[in-house]
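*Asks:* This is structure-v2.pdb, which holds PDB, C-alpha atoms:
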MODEL        1
ATOM      1  CA  MET A  93       0.000   0.000   0.000
ATOM      2  CA  GLU A  94       1.309   3.438  -0.888
ATOM      3  CA  ILE A  95       0.709   6.364   1.456
ATOM      4  CA  LYS A  96       1.079   9.918   0.179
ATOM      5  CA  VAL A  97       3.093  11.892   2.705
ATOM      6  CA  LEU A  98       4.290  15.130   1.068
ATOM      7  CA  LYS A  99       5.893  16.414   4.235
ATOM      8  CA  ASP A 100       9.130  18.267   4.672
ATOM      9  CA  ILE A 101      11.685  15.992   6.336
ATOM     10  CA  LEU A 102      12.512  18.845   8.680
ATOM     11  CA  SER A 103       8.854  19.504   9.485
ATOM     12  CA  ALA A 104       9.457  18.730  13.175
ATOM     13  CA  ASN A 105      12.073  21.495  13.217
ATOM     14  CA  ASN A 106       9.783  23.800  11.251
ATOM     15  CA  GLN A 107       6.990  23.322  13.788
ATOM     16  CA  ILE A 108       9.232  24.348  16.682
ATOM     17  CA  ALA A 109      10.490  27.254  14.571
ATOM     18  CA  ALA A 110       6.872  28.357  14.122
ATOM     19  CA  GLN A 111       6.397  28.251  17.912
ATOM     20  CA  ASN A 112       9.549  30.340  18.380
ATOM     21  CA  ARG A 113       8.286  32.823  15.801
ATOM     22  CA  GLN A 114       4.968  33.124  17.593
ATOM     23  CA  LEU A 115       6.620  33.560  21.005
ATOM     24  CA  LEU A 116       8.982  36.226  19.639
ATOM     25  CA  ALA A 117       6.115  38.050  17.927
ATOM     26  CA  SER A 118       4.067  38.029  21.140
ATOM     27  CA  LYS A 119       7.017  39.691  22.904
ATOM     28  CA  ARG A 120       7.535  42.052  19.937
ATOM     29  CA  ILE A 121      11.128  40.885  19.570
ATOM     30  CA  MET A 122      12.946  41.070  16.259
ATOM     31  CA  ALA A 123      15.199  38.025  15.910
ATOM     32  CA  ILE A 124      18.036  38.084  13.392
ATOM     33  CA  ASN A 125      19.709  34.823  12.393
ATOM     34  CA  LEU A 126      23.343  35.696  11.606
ATOM     35  CA  MET A 127      25.063  33.172   9.386
ATOM     36  CA  SER A 128      28.588  33.086   7.986
ATOM     37  CA  SER A 129      31.845  31.166   7.855
ATOM     38  CA  PRO A 130      33.885  30.911  11.040
ATOM     39  CA  GLY A 131      35.941  34.035  11.585
ATOM     40  CA  SER A 132      34.015  36.358   9.307
ATOM     41  CA  GLY A 133      33.176  38.701  12.169
ATOM     42  CA  LYS A 134      29.709  37.797  13.469
ATOM     43  CA  THR A 135      30.539  38.511  17.110
ATOM     44  CA  THR A 136      32.429  41.701  16.293
ATOM     45  CA  LEU A 137      29.533  42.935  14.153
ATOM     46  CA  ILE A 138      27.150  42.270  17.053
ATOM     47  CA  LEU A 139      29.434  44.206  19.419
ATOM     48  CA  ARG A 140      29.589  47.173  17.022
ATOM     49  CA  THR A 141      25.837  47.073  16.510
ATOM     50  CA  PHE A 142      25.339  47.025  20.264
ATOM     51  CA  GLU A 143      27.563  50.090  20.711
ATOM     52  CA  LYS A 144      25.723  51.894  17.943
ATOM     53  CA  LEU A 145      22.161  51.083  18.965
ATOM     54  CA  LYS A 146      22.255  50.576  22.726
ATOM     55  CA  ASP A 147      20.458  53.865  23.405
ATOM     56  CA  LYS A 148      17.721  53.008  20.931
ATOM     57  CA  ALA A 149      16.990  49.344  21.526
ATOM     58  CA  ARG A 150      17.574  46.586  24.063
ATOM     59  CA  MET A 151      19.601  43.756  22.575
ATOM     60  CA  ALA A 152      20.454  40.193  23.517
ATOM     61  CA  VAL A 153      22.354  37.396  21.835
ATOM     62  CA  ILE A 154      21.957  33.655  21.489
ATOM     63  CA  GLU A 155      25.453  32.493  20.778
ATOM     64  CA  GLY A 156      25.859  29.226  18.898
ATOM     65  CA  ASP A 157      29.188  27.428  18.845
ATOM     66  CA  VAL A 158      30.351  23.852  18.569
ATOM     67  CA  SER A 159      32.125  24.304  21.913
ATOM     68  CA  SER A 160      33.441  26.932  24.370
ATOM     69  CA  SER A 161      31.834  30.066  25.762
ATOM     70  CA  ILE A 162      34.481  32.470  24.477
ATOM     71  CA  ASP A 163      32.027  34.536  22.422
ATOM     72  CA  ALA A 164      29.333  34.747  25.096
ATOM     73  CA  GLU A 165      31.968  35.876  27.595
ATOM     74  CA  LYS A 166      33.270  38.490  25.171
ATOM     75  CA  LEU A 167      29.751  39.836  24.702
ATOM     76  CA  GLY A 168      29.059  39.654  28.443
ATOM     77  CA  ARG A 169      32.130  41.792  29.200
ATOM     78  CA  ALA A 170      30.768  44.421  26.818
ATOM     79  CA  GLY A 171      27.467  44.444  28.710
ATOM     80  CA  VAL A 172      25.412  42.407  26.245
ATOM     81  CA  THR A 173      23.027  39.783  27.602
ATOM     82  CA  ALA A 174      24.249  36.616  25.927
ATOM     83  CA  ILE A 175      23.354  32.984  26.302
ATOM     84  CA  GLN A 176      25.646  30.302  24.956
ATOM     85  CA  ILE A 177      24.483  27.196  23.122
ATOM     86  CA  ASN A 178      27.069  24.499  22.520
ATOM     87  CA  THR A 179      26.027  22.133  19.783
ATOM     88  CA  GLY A 180      28.633  19.565  20.865
ATOM     89  CA  GLY A 181      29.862  18.960  17.344
ATOM     90  CA  GLY A 182      26.643  19.889  15.546
ATOM     91  CA  CYS A 183      27.228  22.028  12.488
ATOM     92  CA  HIS A 184      24.178  24.305  12.863
ATOM     93  CA  LEU A 185      21.615  25.581  15.338
ATOM     94  CA  ASP A 186      18.142  24.096  15.181
ATOM     95  CA  ALA A 187      14.815  25.431  16.368
ATOM     96  CA  SER A 188      14.682  23.376  19.559
ATOM     97  CA  MET A 189      18.097  24.650  20.698
ATOM     98  CA  VAL A 190      16.871  28.197  20.157
ATOM     99  CA  ASN A 191      13.635  27.348  21.961
ATOM    100  CA  SER A 192      15.491  26.276  25.119
ATOM    101  CA  ALA A 193      17.616  29.408  24.936
ATOM    102  CA  LEU A 194      14.507  31.585  24.631
ATOM    103  CA  LEU A 195      13.133  30.090  27.841
ATOM    104  CA  ASN A 196      16.265  31.286  29.616
ATOM    105  CA  LEU A 197      16.249  34.856  28.350
ATOM    106  CA  PRO A 198      14.453  37.879  29.851
ATOM    107  CA  LEU A 199      12.130  38.190  26.847
ATOM    108  CA  ASP A 200      10.240  41.162  28.253
ATOM    109  CA  ASP A 201      13.437  43.205  28.201
ATOM    110  CA  ILE A 202      14.572  42.534  24.642
ATOM    111  CA  ASP A 203      13.856  44.418  21.422
ATOM    112  CA  ILE A 204      16.423  42.834  19.123
ATOM    113  CA  LEU A 205      17.698  39.289  19.489
ATOM    114  CA  PHE A 206      20.755  38.284  17.513
ATOM    115  CA  ILE A 207      21.058  34.545  16.973
ATOM    116  CA  GLU A 208      24.674  33.905  16.089
ATOM    117  CA  ASN A 209      24.654  30.631  14.208
ATOM    118  CA  VAL A 210      27.513  28.133  14.115
ATOM    119  CA  GLY A 211      30.157  29.328  11.649
ATOM    120  CA  ASN A 212      29.295  27.403   8.497
ATOM    121  CA  LEU A 213      28.088  28.461   5.045
ATOM    122  CA  ILE A 214      26.212  25.218   4.318
ATOM    123  CA  CYS A 215      24.206  23.611   7.103
ATOM    124  CA  PRO A 216      22.504  26.541   8.870
ATOM    125  CA  GLY A 217      20.572  27.196   5.651
ATOM    126  CA  GLY A 218      18.432  24.082   6.143
ATOM    127  CA  PHE A 219      17.116  25.001   9.560
ATOM    128  CA  ASP A 220      14.464  27.606  10.229
ATOM    129  CA  LEU A 221      14.925  28.951  13.765
ATOM    130  CA  GLY A 222      11.847  31.156  13.877
ATOM    131  CA  GLU A 223      13.810  34.301  13.112
ATOM    132  CA  TYR A 224      12.355  37.441  11.528
ATOM    133  CA  LEU A 225      15.383  38.098   9.305
ATOM    134  CA  LYS A 226      18.276  36.089   7.952
ATOM    135  CA  VAL A 227      21.531  37.973   7.545
ATOM    136  CA  VAL A 228      24.605  36.503   5.880
ATOM    137  CA  ILE A 229      28.052  37.944   6.545
ATOM    138  CA  LEU A 230      30.975  37.425   4.230
ATOM    139  CA  SER A 231      34.408  38.829   4.967
ATOM    140  CA  THR A 232      36.647  40.048   2.175
ATOM    141  CA  PRO A 233      39.549  37.575   2.772
ATOM    142  CA  GLU A 234      37.123  34.708   2.062
ATOM    143  CA  GLY A 235      36.994  35.686  -1.613
ATOM    144  CA  ASP A 236      34.370  37.084  -3.958
ATOM    145  CA  ASP A 237      33.448  33.698  -5.465
ATOM    146  CA  LYS A 238      31.300  32.437  -2.592
ATOM    147  CA  PRO A 239      27.697  33.083  -3.776
ATOM    148  CA  HIS A 240      27.804  30.420  -6.511
ATOM    149  CA  LYS A 241      29.618  27.990  -4.223
ATOM    150  CA  TYR A 242      27.122  28.230  -1.350
ATOM    151  CA  PRO A 243      23.898  29.251  -3.066
ATOM    152  CA  LEU A 244      21.433  28.070  -0.423
ATOM    153  CA  LEU A 245      22.518  30.547   2.232
ATOM    154  CA  PHE A 246      22.933  33.406  -0.215
ATOM    155  CA  THR A 247      19.473  32.933  -1.743
ATOM    156  CA  GLN A 248      17.890  33.094   1.714
ATOM    157  CA  ALA A 249      19.536  36.290   2.912
ATOM    158  CA  ASN A 250      17.393  39.305   3.698
ATOM    159  CA  ALA A 251      20.618  41.232   4.013
ATOM    160  CA  LEU A 252      24.217  40.600   3.168
ATOM    161  CA  VAL A 253      27.011  42.248   5.106
ATOM    162  CA  ILE A 254      30.425  42.336   3.488
ATOM    163  CA  ASN A 255      32.778  42.680   6.410
ATOM    164  CA  LYS A 256      36.470  43.571   6.781
ATOM    165  CA  THR A 257      36.419  46.230   4.084
ATOM    166  CA  ASP A 258      39.503  47.691   5.793
ATOM    167  CA  LEU A 259      41.389  44.694   4.318
ATOM    168  CA  LEU A 260      40.290  45.379   0.722
ATOM    169  CA  PRO A 261      43.655  46.894  -0.271
ATOM    170  CA  HIS A 262      45.405  43.708   0.873
ATOM    171  CA  VAL A 263      43.159  40.948  -0.471
ATOM    172  CA  SER A 264      41.958  40.052  -3.937
ATOM    173  CA  PHE A 265      38.275  40.638  -3.363
ATOM    174  CA  ASP A 266      36.505  42.223  -6.315
ATOM    175  CA  LEU A 267      33.595  44.011  -4.692
ATOM    176  CA  ALA A 268      31.886  44.838  -7.999
ATOM    177  CA  ALA A 269      32.157  41.249  -9.244
ATOM    178  CA  PHE A 270      30.874  39.928  -5.946
ATOM    179  CA  THR A 271      27.901  42.292  -5.942
ATOM    180  CA  ARG A 272      27.060  41.404  -9.535
ATOM    181  CA  THR A 273      27.129  37.668  -8.838
ATOM    182  CA  PHE A 274      25.155  37.913  -5.626
ATOM    183  CA  GLN A 275      22.510  40.244  -7.010
ATOM    184  CA  SER A 276      22.106  38.166 -10.150
ATOM    185  CA  PHE A 277      20.095  35.675  -8.088
ATOM    186  CA  ASN A 278      19.144  37.577  -4.933
ATOM    187  CA  GLN A 279      17.661  40.963  -5.699
ATOM    188  CA  ARG A 280      15.722  41.483  -2.495
ATOM    189  CA  ALA A 281      18.624  41.519  -0.019
ATOM    190  CA  ALA A 282      19.965  44.767   1.351
ATOM    191  CA  LEU A 283      23.715  44.992   0.869
ATOM    192  CA  PHE A 284      26.148  46.556   3.329
ATOM    193  CA  THR A 285      29.891  47.018   3.197
ATOM    194  CA  VAL A 286      31.313  47.402   6.660
ATOM    195  CA  SER A 287      34.417  47.055   8.722
ATOM    196  CA  ALA A 288      33.289  45.910  12.140
ATOM    197  CA  PHE A 289      36.900  46.509  13.188
ATOM    198  CA  THR A 290      37.087  50.215  12.264
ATOM    199  CA  GLY A 291      33.361  50.920  12.448
ATOM    200  CA  GLU A 292      33.090  51.937   8.805
ATOM    201  CA  GLY A 293      29.624  51.329   7.367
ATOM    202  CA  ILE A 294      28.061  50.442  10.728
ATOM    203  CA  GLU A 295      25.863  53.558  10.561
ATOM    204  CA  GLU A 296      23.930  52.322   7.481
ATOM    205  CA  TRP A 297      23.696  48.770   8.800
ATOM    206  CA  GLY A 298      22.383  50.017  12.157
ATOM    207  CA  LYS A 299      19.822  52.166  10.387
ATOM    208  CA  TRP A 300      18.563  49.122   8.450
ATOM    209  CA  VAL A 301      18.253  47.124  11.689
ATOM    210  CA  MET A 302      16.257  49.920  13.332
ATOM    211  CA  ASP A 303      14.081  50.395  10.234
ATOM    212  CA  ASN A 304      13.183  46.724  10.358
ATOM    213  CA  LEU A 305      12.407  46.883  14.062
ATOM    214  CA  ARG A 306      10.031  49.771  13.387
ATOM    215  CA  LYS A 307       8.462  47.846  10.504
ATOM    216  CA  LEU A 308       7.883  44.805  12.704
ATOM    217  CA  ARG A 309       6.436  46.924  15.490
ATOM    218  CA  THR A 310       4.059  48.739  13.129
ATOM    219  CA  ALA A 311       2.913  45.448  11.600
ATOM    220  CA  ASN A 312       2.409  44.021  15.084
ATOM    221  CA  LYS A 313       0.348  46.994  16.195
ATOM    222  CA  SER A 314      -2.021  46.783  13.261
ATOM    223  CA  LYS A 315      -2.868  43.159  14.068
TER     224      LYS A 315
ATOM    225  CA  MET B 239      26.985  17.715   6.086
ATOM    226  CA  HIS B 240      24.243  17.254   8.652
ATOM    227  CA  GLU B 241      22.797  14.020   7.305
ATOM    228  CA  MET B 242      22.501  12.473  10.763
ATOM    229  CA  SER B 243      20.012  15.036  12.075
ATOM    230  CA  VAL B 244      18.136  14.939   8.773
ATOM    231  CA  THR B 245      17.960  11.145   8.904
ATOM    232  CA  MET B 246      16.687  11.188  12.491
ATOM    233  CA  SER B 247      13.885  13.542  11.425
ATOM    234  CA  LEU B 248      13.209  11.386   8.387
ATOM    235  CA  LEU B 249      12.878   8.226  10.480
ATOM    236  CA  ASP B 250      10.568   9.946  13.009
ATOM    237  CA  LEU B 251       8.412  11.217  10.176
ATOM    238  CA  VAL B 252       7.985   7.896   8.358
ATOM    239  CA  LEU B 253       7.410   5.940  11.578
ATOM    240  CA  LYS B 254       4.625   8.350  12.528
ATOM    241  CA  GLU B 255       3.028   8.105   9.096
ATOM    242  CA  ALA B 256       3.232   4.303   9.144
ATOM    243  CA  ALA B 257       1.720   4.117  12.629
ATOM    244  CA  LYS B 258      -1.126   6.404  11.524
ATOM    245  CA  ALA B 259      -1.887   3.978   8.703
ATOM    246  CA  GLY B 260      -1.661   0.964  11.027
ATOM    247  CA  ALA B 261       1.160  -0.520   8.933
ATOM    248  CA  SER B 262       3.364  -3.336  10.165
ATOM    249  CA  LYS B 263       6.306  -2.694   7.877
ATOM    250  CA  ILE B 264       7.726   0.139   5.790
ATOM    251  CA  LYS B 265       9.028  -1.177   2.484
ATOM    252  CA  THR B 266      10.025   1.930   0.571
ATOM    253  CA  VAL B 267      10.452   5.624   1.363
ATOM    254  CA  ASN B 268      10.247   7.976  -1.619
ATOM    255  CA  ILE B 269      12.235  11.126  -1.001
ATOM    256  CA  VAL B 270      12.621  14.266  -3.075
ATOM    257  CA  LEU B 271      16.032  15.840  -2.578
ATOM    258  CA  GLY B 272      17.154  19.166  -4.009
ATOM    259  CA  ALA B 273      20.777  19.684  -4.941
ATOM    260  CA  MET B 274      20.998  22.980  -3.082
ATOM    261  CA  THR B 275      20.337  21.371   0.313
ATOM    262  CA  GLY B 276      23.839  19.891   0.308
ATOM    263  CA  ILE B 277      22.391  16.625   1.644
ATOM    264  CA  ILE B 278      24.133  13.569   0.227
ATOM    265  CA  ASP B 279      21.778  10.660  -0.418
ATOM    266  CA  ARG B 280      24.210   7.836   0.244
ATOM    267  CA  TYR B 281      25.000   9.214   3.713
ATOM    268  CA  VAL B 282      21.292   9.415   4.498
ATOM    269  CA  GLN B 283      20.995   5.820   3.304
ATOM    270  CA  ALA B 284      23.836   4.621   5.560
ATOM    271  CA  ASN B 285      22.490   6.509   8.579
ATOM    272  CA  PHE B 286      19.001   5.208   7.943
ATOM    273  CA  GLU B 287      20.171   1.603   7.941
ATOM    274  CA  LEU B 288      21.670   2.099  11.398
ATOM    275  CA  LEU B 289      18.897   4.171  12.942
ATOM    276  CA  SER B 290      16.010   2.082  11.643
ATOM    277  CA  GLN B 291      17.182  -1.154  13.281
ATOM    278  CA  ASN B 292      14.400  -2.746  15.350
ATOM    279  CA  THR B 293      11.764  -0.377  13.964
ATOM    280  CA  LEU B 294       9.029  -0.787  11.352
ATOM    281  CA  ALA B 295      11.401   0.816   8.891
ATOM    282  CA  GLU B 296      14.202  -1.718   9.256
ATOM    283  CA  GLY B 297      15.232  -2.937   5.832
ATOM    284  CA  ALA B 298      13.204  -0.259   4.026
ATOM    285  CA  SER B 299      14.737   0.976   0.825
ATOM    286  CA  LEU B 300      15.133   4.713   0.354
ATOM    287  CA  SER B 301      14.411   5.946  -3.109
ATOM    288  CA  PHE B 302      15.693   9.413  -3.938
ATOM    289  CA  ARG B 303      14.410  11.661  -6.675
ATOM    290  CA  ASN B 304      17.211  14.177  -7.039
ATOM    291  CA  VAL B 305      16.203  17.657  -8.155
ATOM    292  CA  LEU B 306      18.857  19.817  -9.731
ATOM    293  CA  GLN B 307      19.039  23.548  -9.194
ATOM    294  CA  GLN B 308      16.442  25.197 -11.392
ATOM    295  CA  ALA B 309      16.311  28.809 -12.444
ATOM    296  CA  ARG B 310      14.194  31.208 -14.445
ATOM    297  CA  CYS B 311      15.813  33.930 -16.481
ATOM    298  CA  ARG B 312      14.581  37.375 -15.513
ATOM    299  CA  HIS B 313      15.182  38.683 -19.021
ATOM    300  CA  CYS B 314      13.692  36.087 -21.334
ATOM    301  CA  ALA B 315      11.732  33.936 -18.815
ATOM    302  CA  HIS B 316      13.489  30.785 -20.023
ATOM    303  CA  THR B 317      13.644  28.094 -17.341
ATOM    304  CA  PHE B 318      16.784  26.007 -17.105
ATOM    305  CA  GLN B 319      18.966  23.879 -14.878
ATOM    306  CA  ILE B 320      21.890  25.539 -13.205
ATOM    307  CA  SER B 321      24.961  23.401 -13.441
ATOM    308  CA  ASP B 322      27.807  23.634 -10.991
ATOM    309  CA  PHE B 323      29.721  25.675 -13.495
ATOM    310  CA  GLU B 324      27.153  27.619 -15.456
ATOM    311  CA  TRP B 325      24.680  30.017 -13.929
ATOM    312  CA  ASN B 326      23.868  32.142 -16.956
ATOM    313  CA  CYS B 327      20.743  31.677 -19.033
ATOM    314  CA  PRO B 328      21.626  29.310 -21.885
ATOM    315  CA  ARG B 329      19.193  31.117 -24.204
ATOM    316  CA  CYS B 330      20.065  34.796 -23.775
ATOM    317  CA  GLN B 331      23.243  34.509 -21.656
ATOM    318  CA  SER B 332      21.830  36.843 -19.020
ATOM    319  CA  SER B 333      23.101  36.344 -15.491
ATOM    320  CA  GLU B 334      19.930  37.868 -13.989
ATOM    321  CA  ILE B 335      18.096  34.824 -12.729
ATOM    322  CA  GLU B 336      15.695  33.660 -10.099
ATOM    323  CA  ILE B 337      16.310  30.307  -8.434
ATOM    324  CA  THR B 338      13.109  28.297  -8.609
ATOM    325  CA  GLY B 339      14.082  24.817  -7.469
ATOM    326  CA  GLY B 340      16.729  22.778  -5.755
ATOM    327  CA  ASN B 341      15.967  23.216  -2.062
ATOM    328  CA  GLU B 342      13.430  20.362  -1.834
ATOM    329  CA  LEU B 343      13.772  17.991   1.091
ATOM    330  CA  TYR B 344      10.581  16.055   1.620
ATOM    331  CA  VAL B 345       8.997  12.625   1.747
ATOM    332  CA  GLU B 346       6.694  12.163  -1.194
ATOM    333  CA  SER B 347       5.219   8.816  -0.159
ATOM    334  CA  ILE B 348       5.934   5.590   1.657
ATOM    335  CA  GLU B 349       5.087   2.050   0.666
ATOM    336  CA  VAL B 350       3.940  -0.077   3.579
ATOM    337  CA  GLU B 351       2.526  -3.473   4.401
TER     338      GLU B 351
ENDMDL
END
Take the structure I supplied and represent it as C-alpha cells, if you would.

*Replies:*
Amino acid sequence: MEIKVLKDILSANNQIAAQNRQLLASKRIMAINLMSSPGSGKTTLILRTFEKLKDKARMAVIEGDVSSSIDAEKLGRAGVTAIQINTGGGCHLDASMVNSALLNLPLDDIDILFIENVGNLICPGGFDLGEYLKVVILSTPEGDDKPHKYPLLFTQANALVINKTDLLPHVSFDLAAFTRTFQSFNQRAALFTVSAFTGEGIEEWGKWVMDNLRKLRTANKSK
Amino acid sequence: MHEMSVTMSLLDLVLKEAAKAGASKIKTVNIVLGAMTGIIDRYVQANFELLSQNTLAEGASLSFRNVLQQARCRHCAHTFQISDFEWNCPRCQSSEIEITGGNELYVESIEVE
C-alpha cells in the first residue's frame, strides 16, 4: 500500500520554529539569524551594533558554537546579555536549541535578538529557527566567489554584510564582481559594506536594523 | 553535512506516518532531494540503515528523486537547470536569474505493508 506523505523531512524542526516565531512576535522581539563562515566577524559585528544602537533598543544574543563560551563571555564583558548554546559537534543551530535558549532569556526586556549561528556556510541554511530576518556575513579575505559555491545561504539572505572592508587593499576581493554575482540571483537583499573593526559602514547597517524593528512593530500593532 | 540530524527527522516522520496507517512494515520511502540542500543521499541511506534497526522501517529501501538547481531567467523567462559551473541563461546569456528549485527535502510517499 502506498501512502502519500508530502511532508518536509525537517517539518518537526519547522513546527518548533513556528512556535519560536509566535513567542517572539508576542514579545515584539525582532530576531536576526546571523550566518557566515567561522571568523568572518559575526561577534564583532554584534558588538559594534550594540555600541551603535544601545540607546535606541535593548539587545540580547543567542550564541551558537560547537564548543566553548568564548564569544558569550566576550559579549558579556561588553554588557550584552548573551546565552551560549554548545552544539557539541553539531554544524548548525536548530529550532529546539533556540527554543530552550529563549526560555532562559528575559524576553520582556529585549527588542532585538541576535542569533549567532555556528560558523558554516552550508548547514545553517536548512534550519528555520523562527527568526524574523536572515543575515549573511561574508568577509573580504574569504573571496568574492562564494555566492555560486554556497547558493542556499545566499538565496535566503534578507541582508548581506560584506565585512572587513579595511582589508580590501590587501586581499583580492573584487567588490563589484561579488555584488554582480550575488545580485544576479538575490535581488531582495539589502547589501552593506562594513568594517566591524574600524566601524566603517556600521551607521547604514544600524539604520537598516532599526528600520526593520520599526516595521515589525508597526505590523504588530495593526494586528 | 548534517545528514545524521536529517535522517533522524526522516525516520521519526515515516514511523509516525506508518503508525497512523496501522502498517506493520515500511518497504520503501520515496524522497525528493534538491541539490541545493547539500544533503548527500548515500549518507542518508547509511544513517538510515543504522537508525532504523528494530523499527518498522528496518530494511526499508530509500528511493531518492534528485532535483537539480532550477532557475528562471529574468530577461527572457526561459527556465533552465543551473549546473555547478554555469549560472547564466543558456538562451540569452543573461546572469539575472531567479532560483526556482533545488531546495526540496521532503517525503513524497511511503510504501507499507

*Asks:* For chain B, work out the contacting residues on chain A at 6 Å, counting only C-alpha atoms, and write them as a ChimeraX atom specification.

*Replies:* /A:93-101,244,276-277

*Asks:* Would you output that residue set with C-alpha atoms, as an mmCIF file, in the coordinates of the input?

*Replies:*
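Dumped everything to selection_23.cif:
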data_model
loop_
_atom_site.group_PDB
_atom_site.id
_atom_site.type_symbol
_atom_site.label_atom_id
_atom_site.label_comp_id
_atom_site.auth_asym_id
_atom_site.auth_seq_id
_atom_site.Cartn_x
_atom_site.Cartn_y
_atom_site.Cartn_z
ATOM 1 C CA MET A 93 0.000 0.000 0.000
ATOM 2 C CA GLU A 94 1.309 3.438 -0.888
ATOM 3 C CA ILE A 95 0.709 6.364 1.456
ATOM 4 C CA LYS A 96 1.079 9.918 0.179
ATOM 5 C CA VAL A 97 3.093 11.892 2.705
ATOM 6 C CA LEU A 98 4.290 15.130 1.068
ATOM 7 C CA LYS A 99 5.893 16.414 4.235
ATOM 8 C CA ASP A 100 9.130 18.267 4.672
ATOM 9 C CA ILE A 101 11.685 15.992 6.336
ATOM 10 C CA LEU A 244 21.433 28.070 -0.423
ATOM 11 C CA SER A 276 22.106 38.166 -10.150
ATOM 12 C CA PHE A 277 20.095 35.675 -8.088
#

*Asks:* The PyMOL selection byres ((chain A and resi 252) around 8) - which residues does that actually catch in the file I just gave you? List them as an MDAnalysis selection string.

*Replies:* chainID A and resid 227:230 249:251 253:254 281:284

*Asks:* Which residues, named as in the file, does the PyMOL selection byres ((chain A and resi 295) around 10) pick out? Answer as a ChimeraX atom specification.

*Replies:* /A:140-141,144-145,286,291-294,296-300

*Asks:* Restrict the selected residues to C-alpha atoms and save them as a PDB file, in the frame of the given file.

*Replies:*
ATOM      1  CA  ARG A 140      29.589  47.173  17.022  1.00  0.00           C
ATOM      2  CA  THR A 141      25.837  47.073  16.510  1.00  0.00           C
ATOM      3  CA  LYS A 144      25.723  51.894  17.943  1.00  0.00           C
ATOM      4  CA  LEU A 145      22.161  51.083  18.965  1.00  0.00           C
ATOM      5  CA  VAL A 286      31.313  47.402   6.660  1.00  0.00           C
ATOM      6  CA  GLY A 291      33.361  50.920  12.448  1.00  0.00           C
ATOM      7  CA  GLU A 292      33.090  51.937   8.805  1.00  0.00           C
ATOM      8  CA  GLY A 293      29.624  51.329   7.367  1.00  0.00           C
ATOM      9  CA  ILE A 294      28.061  50.442  10.728  1.00  0.00           C
ATOM     10  CA  GLU A 296      23.930  52.322   7.481  1.00  0.00           C
ATOM     11  CA  TRP A 297      23.696  48.770   8.800  1.00  0.00           C
ATOM     12  CA  GLY A 298      22.383  50.017  12.157  1.00  0.00           C
ATOM     13  CA  LYS A 299      19.822  52.166  10.387  1.00  0.00           C
ATOM     14  CA  TRP A 300      18.563  49.122   8.450  1.00  0.00           C
TER      15      TRP A 300
END

*Asks:* If I take CA of His316 (chain B) and CA of Leu245 (chain A), how far is one from the other in Å, to one decimal?

*Replies:*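 Interatomic distance, CA of His316 (chain B) to CA of Leu245 (chain A): 24.0 Å.
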
*Asks:* Quick one: of A:Ser188, A:Thr232, A:Asn255, A:Thr247, who's nearest to Thr136 (chain A), counting only C-alpha atoms?

*Replies:*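 Between A:Ser188, A:Thr232, A:Asn255, A:Thr247, the residue approaching Thr136 (chain A) most closely is A:Asn255.
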
*Asks:* Counting only C-alpha atoms, find the residues whose atoms lie at most 12 Å from (16.4, -2.1, 6.6) (file coordinates) and write them out as a PyMOL selection string.

*Replies:* chain B and resi 249+263-267+283-300

*Asks:* Please put the answer as JSON: centre and edge lengths, in Å with one decimal, of a box along x, y and z that encloses all listed atoms of region 342-345 of chain B plus 6 Å on each side.

*Replies:*
{"center_x": 11.4, "center_y": 16.5, "center_z": 0.0, "size_x": 16.8, "size_y": 19.7, "size_z": 15.6}

*Asks:* Report the residues retrieved by the PyMOL selection byres ((chain A and resi 107-111) around 6) from the displayed file, expressed as a JSON list (two decimals) with C-alpha atoms, in the frame of the given file.

*Replies:*
[["chain", "number", "residue", "atom", "x", "y", "z"],
["A", 104, "ALA", "CA", 9.46, 18.73, 13.18],
["A", 105, "ASN", "CA", 12.07, 21.50, 13.22],
["A", 106, "ASN", "CA", 9.78, 23.80, 11.25],
["A", 112, "ASN", "CA", 9.55, 30.34, 18.38],
["A", 113, "ARG", "CA", 8.29, 32.82, 15.80],
["A", 114, "GLN", "CA", 4.97, 33.12, 17.59],
["A", 187, "ALA", "CA", 14.82, 25.43, 16.37],
["A", 220, "ASP", "CA", 14.46, 27.61, 10.23],
["A", 221, "LEU", "CA", 14.92, 28.95, 13.76],
["A", 222, "GLY", "CA", 11.85, 31.16, 13.88]]

*Asks:* Would you mind listing what lies within 10 Å of Asp201 (chain A) as a PyMOL selection string, with all atoms listed in the file counted and same-chain residues fewer than 2 positions away left out?

*Replies:* chain A and resi 119+121+149-152+197-199+203-204

*Asks:* Counting all atoms listed in the file, note down every residue that has an atom within 12 Å of the point (-1.2, 46.3, 19.3) (file coordinates), as an MDAnalysis selection string.

*Replies:* chainID A and resid 117:120 308:315

*Asks:* Hey, can you check how far CA of His240 (chain A) sits from CA of Thr273 (chain A)?

*Replies:*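 Pair CA of His240 (chain A) / CA of Thr273 (chain A) returns 7.6 Å.
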
*Asks:* For the atom pair CA of Leu194 (chain A) and CA of Ala164 (chain A), what is the interatomic distance in Å to one decimal place?

*Replies:*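 Computing it gives 15.2 Å between the two atoms.
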
*Asks:* Using all atoms listed in the file, which residues sit within 6 Å of Asn178 (chain A) once same-chain residues fewer than 5 positions away are excluded, as a list in words?

*Replies:*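 Close residues of Asn178 (chain A): Asp157, Val158 and Ser159 of chain A.
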
*Asks:* Would you fill the gaps in region 280-284 of chain B so it has N, CA and C atoms, then print it as a PDB file, in the frame of the given file?

*Replies:*
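What landed in out_32.pdb:
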ATOM      1  N   ARG B 280      23.646   9.095  -0.246  1.00  0.00           N
ATOM      2  CA  ARG B 280      24.210   7.836   0.244  1.00  0.00           C
ATOM      3  C   ARG B 280      24.549   7.894   1.736  1.00  0.00           C
ATOM      4  N   TYR B 281      24.781   9.087   2.263  1.00  0.00           N
ATOM      5  CA  TYR B 281      25.000   9.214   3.713  1.00  0.00           C
ATOM      6  C   TYR B 281      23.677   9.043   4.460  1.00  0.00           C
ATOM      7  N   VAL B 282      22.613   9.594   3.882  1.00  0.00           N
ATOM      8  CA  VAL B 282      21.292   9.415   4.498  1.00  0.00           C
ATOM      9  C   VAL B 282      20.960   7.928   4.532  1.00  0.00           C
ATOM     10  N   GLN B 283      21.240   7.259   3.415  1.00  0.00           N
ATOM     11  CA  GLN B 283      20.995   5.820   3.304  1.00  0.00           C
ATOM     12  C   GLN B 283      21.741   5.046   4.404  1.00  0.00           C
ATOM     13  N   ALA B 284      23.027   5.340   4.566  1.00  0.00           N
ATOM     14  CA  ALA B 284      23.836   4.621   5.560  1.00  0.00           C
ATOM     15  C   ALA B 284      23.328   4.895   6.977  1.00  0.00           C
TER      16      ALA B 284
END
